[in-house]
Amino acid sequence: MRRAALAAADWVTRHCPPASSLLVCAGPGNNGGDALYARWSCRSAAIR
């Protein structure tokens with residue numbers, strides 16, 4: 001889960017300028033956990 005989330009967060013931080021807004025819609029299950037972890041990783045990169 002962590003590797004998939006970090007890969008998604010890496011893509012977002014490379015393609016979105018800092019201070020961008022990001023909407024994450026996550027359902028239950030494994031993909032939901034990936035999405036939440038990716039969102040947390042983006043927040044540390046100043047993407048809201």
# chains A, B, ... in the order shown; residues from 1 in each chain; ligands from 1
>>> residues_around(residues="segment 24-38 of chain A", least_positions_apart="6", cutoff="9 Å", atoms="only C-alpha atoms", output="ChimeraX atom specification")
/A:1-10
>>> select_by_dssp(residues="chain A", states="helix (DSSP H, G or I)", output="tab-separated table (two decimals) with C-alpha atoms, in the first residue's frame")
chain	number	residue	atom	x	y	z
A	2	ARG	CA	2.73	2.46	0.93
A	3	ARG	CA	4.64	2.08	-2.36
A	4	ALA	CA	1.51	2.63	-4.47
A	5	ALA	CA	0.55	5.67	-2.42
A	6	LEU	CA	4.04	7.18	-2.62
A	7	ALA	CA	4.10	6.64	-6.39
A	8	ALA	CA	0.76	8.44	-6.73
A	9	ALA	CA	1.92	11.28	-4.47
A	10	ASP	CA	5.16	11.57	-6.45
A	11	TRP	CA	3.19	11.95	-9.68
A	12	VAL	CA	0.95	14.62	-8.16
A	13	THR	CA	3.86	16.62	-6.73
A	14	ARG	CA	5.67	16.53	-10.10
A	15	HIS	CA	2.60	17.64	-12.10
A	30	ASN	CA	-7.24	-1.38	-0.15
A	31	ASN	CA	-7.45	1.38	-2.74
A	32	GLY	CA	-9.07	3.66	-0.19
A	33	GLY	CA	-6.08	3.22	2.08
A	34	ASP	CA	-3.72	4.01	-0.81
A	35	ALA	CA	-5.65	7.20	-1.56
A	36	LEU	CA	-5.58	8.40	2.04
A	37	TYR	CA	-1.86	7.71	2.40
A	38	ALA	CA	-1.16	9.47	-0.92
A	39	ARG	CA	-3.16	12.47	0.27
A	40	TRP	CA	-1.13	12.61	3.48
A	41	SER	CA	2.09	12.49	1.44
A	42	CYS	CA	0.91	15.34	-0.80
A	43	ARG	CA	0.10	17.46	2.22
>>> decode(residues="segment 28-44 of chain A", atoms="N, CA and C atoms", output="short mmCIF file (atom, residue, chain, number, x, y, z; two decimals), in the first residue's frame")
data_model
loop_
_atom_site.label_atom_id
_atom_site.label_comp_id
_atom_site.auth_asym_id
_atom_site.auth_seq_id
_atom_site.Cartn_x
_atom_site.Cartn_y
_atom_site.Cartn_z
N PRO A 28 -14.06 2.29 0.61
CA PRO A 28 -13.48 1.29 1.50
C PRO A 28 -12.57 0.33 0.73
N GLY A 29 -11.74 -0.34 1.44
CA GLY A 29 -10.88 -1.34 0.82
C GLY A 29 -9.45 -0.85 0.66
N ASN A 30 -8.66 -1.67 -0.01
CA ASN A 30 -7.24 -1.38 -0.15
C ASN A 30 -6.96 -0.10 -0.92
N ASN A 31 -7.69 0.16 -1.98
CA ASN A 31 -7.45 1.38 -2.74
C ASN A 31 -7.79 2.63 -1.94
N GLY A 32 -8.75 2.53 -1.06
CA GLY A 32 -9.07 3.66 -0.19
C GLY A 32 -7.91 4.00 0.72
N GLY A 33 -7.26 3.00 1.24
CA GLY A 33 -6.08 3.22 2.08
C GLY A 33 -4.95 3.85 1.30
N ASP A 34 -4.74 3.41 0.05
CA ASP A 34 -3.72 4.01 -0.81
C ASP A 34 -4.01 5.49 -1.02
N ALA A 35 -5.27 5.81 -1.30
CA ALA A 35 -5.65 7.20 -1.56
C ALA A 35 -5.42 8.08 -0.34
N LEU A 36 -5.77 7.60 0.83
CA LEU A 36 -5.58 8.40 2.04
C LEU A 36 -4.10 8.60 2.35
N TYR A 37 -3.30 7.58 2.16
CA TYR A 37 -1.86 7.71 2.40
C TYR A 37 -1.23 8.65 1.38
N ALA A 38 -1.67 8.57 0.11
CA ALA A 38 -1.16 9.47 -0.92
C ALA A 38 -1.52 10.91 -0.59
N ARG A 39 -2.74 11.12 -0.11
CA ARG A 39 -3.16 12.47 0.27
C ARG A 39 -2.29 13.01 1.39
N TRP A 40 -1.99 12.19 2.37
CA TRP A 40 -1.13 12.61 3.48
C TRP A 40 0.26 12.98 2.96
N SER A 41 0.77 12.21 2.01
CA SER A 41 2.09 12.49 1.44
C SER A 41 2.08 13.79 0.66
N CYS A 42 1.00 14.08 -0.05
CA CYS A 42 0.91 15.34 -0.80
C CYS A 42 0.84 16.53 0.15
N ARG A 43 0.20 16.36 1.27
CA ARG A 43 0.10 17.46 2.22
C ARG A 43 1.48 17.88 2.71
N SER A 44 2.36 16.92 2.92
CA SER A 44 3.70 17.26 3.37
C SER A 44 4.49 17.96 2.26
#
